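Following: one structure in structure tokens, then a few remarks.
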Amino acid sequence: MSKKVLIKELAYVRSGDKGDISNVGIMAFNKENYEIIRKQVTPQKVKDHYKELVKGEVKIYEMPNIDSLQVVMYKALGGGATSTLRFDETGKAMCLGMLFMPVEVPDAFKPAKPPM
Amino acid sequence: MKKIRIGAGSGYAPSKTGEALRLVREGNINYICFDQLAELTMSIMSKNQQKDPTRGYLTQHIEGMKQVLPEAHKRGVKIITNGGGVNPEAAADQILKIAADNNIKGLKVAVIKGDNIAGRIDEMLKKGWKFTNLETGEDDISKIKDSILIANAYIGSDSIIAALEAGADVVVAGRCSDSALFVAPIMHEFGWKFEDAYWPRIGAAITIGHTLECADFVTGVASPVWEHVPKPEEIVYPLAEVSEDGTAILEMPSSGGGLLNEWTVKSQLVYEVHDPKNYIMPDGVADMTAVKVEDLGNNRVKLSNMTGKRRPDTLKVIIGYPGGFIAEVMNYISAPKALTKARRVEEIGWKNLTKYGIKREDVDIQIDYIGINSILKSIVPTPDEDQINEIGLRIAARGKNPLEAGMIAVSFLDMSPVGFTVSVPSKPRSYISLWPTLIPREEVPTSFIMKRLE
């Protein structure tokens with residue numbers, strides 16, 4: 001049996017911008033969490049989760065050295081910081097959306113406390 | 001083993017001169033490097049220079065040199081900055097003036113040249129080079145060519161290194177890459193060259209530069225562990241002690257606030273990197289999936305096992321041009337029934353537009369329910385209406401001219417529900433669009449000129 005937890009139980013996040021491209025770094029609290037996130041956070045899942053915020057494709061890169069994923073979302077900032085109509089001009093808050101993404105874990109799974 | 005200590009004097013503009021000063025005074029550093037440029041900055045600087053030809057550099061930053069330069073000079077700390085913007089020569093003249101006012105004799109200030117390629121676009125088009133837009137794939141630059149504000153290549157550290165070799169005390173650049181400010185002193189001090197034997201170590205230098213280039217972003221700003229950052233009102237800037245073997249220890253002054261640990265460093269390693277195996281910079285291609293991060297405690301973090309590959313044959317260019325106008329209006333809506341009222345006001349807005357003959361699908365518009373979902377949109381659930389005290393209904397619209405943008409936005413101001421509160425619409429503002437592209441490296445020769453105060 002499995003249950004759902006949100007990524008905010010498993011990782012820290014941070015996002016930035018280049019032009020109209022938003023990138024979200026997902027930093028897992030530990031290796032176990034990293035494996036869960038690595039297997040379940042897919043480009044299609046990210047695209048479905050961000051809905052109207054991300055109009056282009058999504059690419060995901062692995063950084064096993066720091067138990068992190070690099071999620072790169074195209075056409076994701078309403079045109080980019082210089083011309084966007086959004087409040088979050090540089091997409092600094094785009095990462096916060098990732099915290100609300102559910103992933104599946106075994107029923108017995110107890111999320112570790114955040115390291116800080 | 002030879003070691004050098006490099007501080008980050010800023011990571012963006014405006015910056016905290018006091019923190020640059022603290023690093024110079026307490027960091028025991030050899031170099032202080034100032035990144036001042038975001039993607040938009042060069043276009044703004046260009047507009048400033050059009051108004052006054054002696055401007056076009058980061059004035060607040062150069063003003064800060066009144067404090068930083070005398071302290072740095074006294075301690076033999078060299079200064080490298082890209083705060084020259086579109087007019088590094090004028091910035092250098094200001095720095096020389098500050099030196100003269102402080103009776104600093106013999107100061108050598110280098111000006112880096114070559115990043116401005118605006119005047120070369122026609123010639124390159126004739127040669128058959130297409131300035132394909134890296135984001136949209138468009139390759140017909142002719143439609144914006146005549147309105148270009150700036151076109152600058154992200155140049156590497158070659159000419160900064162040459163200037164340091166010629167004895168520069170201060171190096172003023174325009175659009176060099178952020179990391180080049182840090183790669184240059186590392187390569188200069190250790191005698192590394194742009195040759196096969198050095199690419200892994202240059203990859204390390206780029207990675208180290210990346211951790212420093214946003215300054216306090218690695219010591220507690222924009223931090224996922226923000227609740228644990230001591231004295232956030234006094235977050236210090238970082239420094240790196242770099243060893244000749246290509247490892248580094250990140251540190252920070254102990255007298256202020258901030259936090260430097262495993263998590264703040266990881267936050268910077270994932271920041272704006274995209275493909276982490278191939279972090280492409282003008283000086284090389286760093287592999288961020290190799291670096292080992294060791295938290296040594298006491299705000300010290302060791303970086304090792306860094307590597308990289310040969311530098312690319314092309315350089316990134318950003319072209320800035322006038323995009324159009326943005327207008328914004330706000331309706332502030334209170335409970336009871338705040339959500340119902342806000343939705344009604346929005347619907348009335350759409351009907352107003354139809355009256356003016358404007359079709360819904362032709363409008364370039366953003367509608368935000370502030371307090372509900374203005375940032376994360378439909379990722380977050382809408383609360384029950386009885387849980388909502390108030391909503392800011394914000395409408396932002398783009399148009400080709402101020403009138404068009406303004407008319408769309410103002411259509412959404414509505415006073416029909418009792419208790420309306422609307423803001424007076426502000427004047428539509430112009431915005432700048434960017435066209436990111438590439439140019440062959442050999443088409444962007446760089447150089448420096450040395451200015452000296454006798």
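Convention: chains lettered A, B, ... in structure tokens order; per-chain residue numbering from 1; ligands numbered from 1 as shown.
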
Distance query Thr42 of chain A at most 12 Å, only C-alpha atoms, self and fewer than 6 positions along chain excluded, as a ChimeraX atom specification: /A:36,48-49,57-62,69-73,101,103

Expected answer as an MDAnalysis selection string: chain A residues within 6 Å of chain B, only C-alpha atoms: chainID A and resid 12 16 25 63 65 82:83 85

Backbone-only DSSP, alpha helix (DSSP H) members of segment 114-345 of chain B, as a PyMOL selection string: chain B and resi 121-126+142-145+158-165+180-190+199-212+262-269+338-345

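DSSP secondary structure from the backbone places Tyr31, Ile32, Cys33, Phe34, Lys78, Ile79, Ile80, Thr81, Lys108, Val109, Ala110, Val111, Ile112, Lys113, Asn116, Ile150, Ala151, Asn152 and Ala153 of chain B of segment 26-154 of chain B in strand (DSSP E or B).
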
Nearest-residue call for Met187 of chain B, choices B:Lys126, B:Ala405, B:Arg175, B:Ile4, using only C-alpha atoms: B:Ile4

Give me the residues near Ile21 of chain A as a PDB file with C-alpha atoms, in the first residue's frame, where near means some atom within 7 Å (using only C-alpha atoms) and where sequence neighbours in that chain fewer than 5 positions away do not count.
```
ATOM      1  CA  MET A  73      10.968  24.835 -17.490  1.00  0.00           C
ATOM      2  CA  TYR A  74      10.730  26.681 -20.805  1.00  0.00           C
ATOM      3  CA  LYS A  75       8.324  29.527 -21.650  1.00  0.00           C
ATOM      4  CA  ALA A  76       7.668  29.605 -17.949  1.00  0.00           C
ATOM      5  CA  LEU A  77       7.941  33.246 -16.867  1.00  0.00           C
TER       6      LEU A  77
END
```

Which residues, written as an mmCIF file with N, CA and C atoms, in the first residue's frame, have at least one atom at most 12 Å from segment 4-9 of chain A, with only C-alpha atoms counted and residues fewer than 5 positions away on the same chain left out?
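Final output, saved to around-v6.cif:
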```cif
data_model
loop_
_atom_site.group_PDB
_atom_site.id
_atom_site.type_symbol
_atom_site.label_atom_id
_atom_site.label_comp_id
_atom_site.auth_asym_id
_atom_site.auth_seq_id
_atom_site.Cartn_x
_atom_site.Cartn_y
_atom_site.Cartn_z
ATOM 1 N N ARG A 14 14.807 25.868 -4.581
ATOM 2 C CA ARG A 14 15.146 27.253 -4.913
ATOM 3 C C ARG A 14 15.074 27.442 -6.423
ATOM 4 N N ILE A 26 15.718 21.108 -6.703
ATOM 5 C CA ILE A 26 15.085 20.369 -5.598
ATOM 6 C C ILE A 26 16.200 19.678 -4.837
ATOM 7 N N MET A 27 16.417 20.064 -3.586
ATOM 8 C CA MET A 27 17.510 19.519 -2.780
ATOM 9 C C MET A 27 16.932 18.584 -1.722
ATOM 10 N N ALA A 28 17.063 17.280 -1.962
ATOM 11 C CA ALA A 28 16.481 16.297 -1.042
ATOM 12 C C ALA A 28 17.197 16.345 0.305
ATOM 13 N N PHE A 29 16.423 16.076 1.366
ATOM 14 C CA PHE A 29 17.008 16.100 2.715
ATOM 15 C C PHE A 29 18.032 14.984 2.900
ATOM 16 N N ASN A 30 17.854 13.866 2.176
ATOM 17 C CA ASN A 30 18.768 12.722 2.326
ATOM 18 C C ASN A 30 18.671 11.844 1.075
ATOM 19 N N ASN A 33 15.182 10.169 0.299
ATOM 20 C CA ASN A 33 14.256 11.124 -0.314
ATOM 21 C C ASN A 33 14.647 11.428 -1.759
ATOM 22 N N TYR A 34 15.952 11.517 -1.996
ATOM 23 C CA TYR A 34 16.430 11.807 -3.354
ATOM 24 C C TYR A 34 15.948 10.739 -4.335
ATOM 25 N N ILE A 36 13.304 8.811 -4.116
ATOM 26 C CA ILE A 36 11.853 8.960 -4.327
ATOM 27 C C ILE A 36 11.591 10.074 -5.346
ATOM 28 N N ILE A 37 12.247 11.191 -5.134
ATOM 29 C CA ILE A 37 12.026 12.356 -5.997
ATOM 30 C C ILE A 37 12.553 12.090 -7.407
ATOM 31 N N ARG A 38 13.737 11.484 -7.478
ATOM 32 C CA ARG A 38 14.367 11.216 -8.775
ATOM 33 C C ARG A 38 13.469 10.338 -9.646
ATOM 34 N N GLN A 40 10.140 9.888 -9.343
ATOM 35 C CA GLN A 40 8.746 10.318 -9.546
ATOM 36 C C GLN A 40 8.564 11.705 -10.150
ATOM 37 N N VAL A 41 9.557 12.563 -10.003
ATOM 38 C CA VAL A 41 9.400 13.903 -10.586
ATOM 39 C C VAL A 41 9.841 13.826 -12.051
ATOM 40 N N CYS A 95 9.763 27.999 -7.399
ATOM 41 C CA CYS A 95 10.163 26.797 -6.649
ATOM 42 C C CYS A 95 9.114 26.410 -5.606
ATOM 43 N N LEU A 96 8.396 27.401 -5.093
ATOM 44 C CA LEU A 96 7.440 27.109 -4.021
ATOM 45 C C LEU A 96 6.311 26.221 -4.538
ATOM 46 N N GLY A 97 5.992 26.345 -5.814
ATOM 47 C CA GLY A 97 4.987 25.477 -6.410
ATOM 48 C C GLY A 97 5.393 24.015 -6.323
ATOM 49 N N MET A 98 6.692 23.773 -6.457
ATOM 50 C CA MET A 98 7.196 22.393 -6.411
ATOM 51 C C MET A 98 6.933 21.749 -5.061
ATOM 52 N N LEU A 99 6.942 22.571 -3.995
ATOM 53 C CA LEU A 99 6.727 22.030 -2.646
ATOM 54 C C LEU A 99 5.346 21.384 -2.513
ATOM 55 N N PHE A 100 4.418 21.787 -3.382
ATOM 56 C CA PHE A 100 3.046 21.265 -3.307
ATOM 57 C C PHE A 100 2.823 20.060 -4.219
ATOM 58 N N MET A 101 3.886 19.557 -4.840
ATOM 59 C CA MET A 101 3.709 18.393 -5.717
ATOM 60 C C MET A 101 3.680 17.114 -4.882
ATOM 61 N N PRO A 102 2.635 16.272 -5.088
ATOM 62 C CA PRO A 102 2.579 15.017 -4.331
ATOM 63 C C PRO A 102 3.442 13.926 -4.979
ATOM 64 N N VAL A 103 4.045 13.102 -4.139
ATOM 65 C CA VAL A 103 4.720 11.889 -4.618
ATOM 66 C C VAL A 103 4.230 10.722 -3.767
ATOM 67 N N GLU A 104 4.339 9.519 -4.346
ATOM 68 C CA GLU A 104 3.864 8.331 -3.629
ATOM 69 C C GLU A 104 4.983 7.696 -2.827
ATOM 70 N N VAL A 105 4.650 7.311 -1.603
ATOM 71 C CA VAL A 105 5.618 6.616 -0.737
ATOM 72 C C VAL A 105 4.902 5.426 -0.095
ATOM 73 N N PRO A 106 5.663 4.405 0.350
ATOM 74 C CA PRO A 106 5.021 3.277 1.041
ATOM 75 C C PRO A 106 4.323 3.761 2.312
ATOM 76 N N ASP A 107 3.268 3.068 2.689
ATOM 77 C CA ASP A 107 2.508 3.438 3.888
ATOM 78 C C ASP A 107 3.393 3.584 5.124
ATOM 79 N N ALA A 108 4.424 2.721 5.177
ATOM 80 C CA ALA A 108 5.278 2.700 6.366
ATOM 81 C C ALA A 108 6.277 3.858 6.391
ATOM 82 N N PHE A 109 6.349 4.605 5.273
ATOM 83 C CA PHE A 109 7.359 5.664 5.169
ATOM 84 C C PHE A 109 7.051 6.810 6.131
ATOM 85 N N LYS A 110 8.075 7.156 6.938
ATOM 86 C CA LYS A 110 7.947 8.319 7.814
ATOM 87 C C LYS A 110 8.955 9.357 7.335
ATOM 88 N N PRO A 111 8.494 10.507 6.858
ATOM 89 C CA PRO A 111 9.456 11.499 6.374
ATOM 90 C C PRO A 111 10.428 11.908 7.482
ATOM 91 N N ALA A 112 11.721 11.968 7.122
ATOM 92 C CA ALA A 112 12.724 12.440 8.087
ATOM 93 C C ALA A 112 12.477 13.912 8.369
ATOM 94 N N LYS A 113 12.857 14.361 9.555
ATOM 95 C CA LYS A 113 12.728 15.785 9.870
ATOM 96 C C LYS A 113 13.663 16.585 8.960
ATOM 97 N N PRO A 114 13.277 17.790 8.550
ATOM 98 C CA PRO A 114 14.204 18.602 7.749
ATOM 99 C C PRO A 114 15.531 18.749 8.499
ATOM 100 N N PRO A 115 16.652 18.754 7.746
ATOM 101 C CA PRO A 115 17.949 18.858 8.418
ATOM 102 C C PRO A 115 18.103 20.150 9.216
ATOM 103 N N PRO B 224 16.309 28.613 1.437
ATOM 104 C CA PRO B 224 15.268 27.693 1.900
ATOM 105 C C PRO B 224 15.342 27.445 3.413
#
```

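Counting only C-alpha atoms and comparing A:Gly78, A:Lys51, A:Met116, A:Pro43, the residue that lies closest to Asp17 of chain A is A:Gly78.
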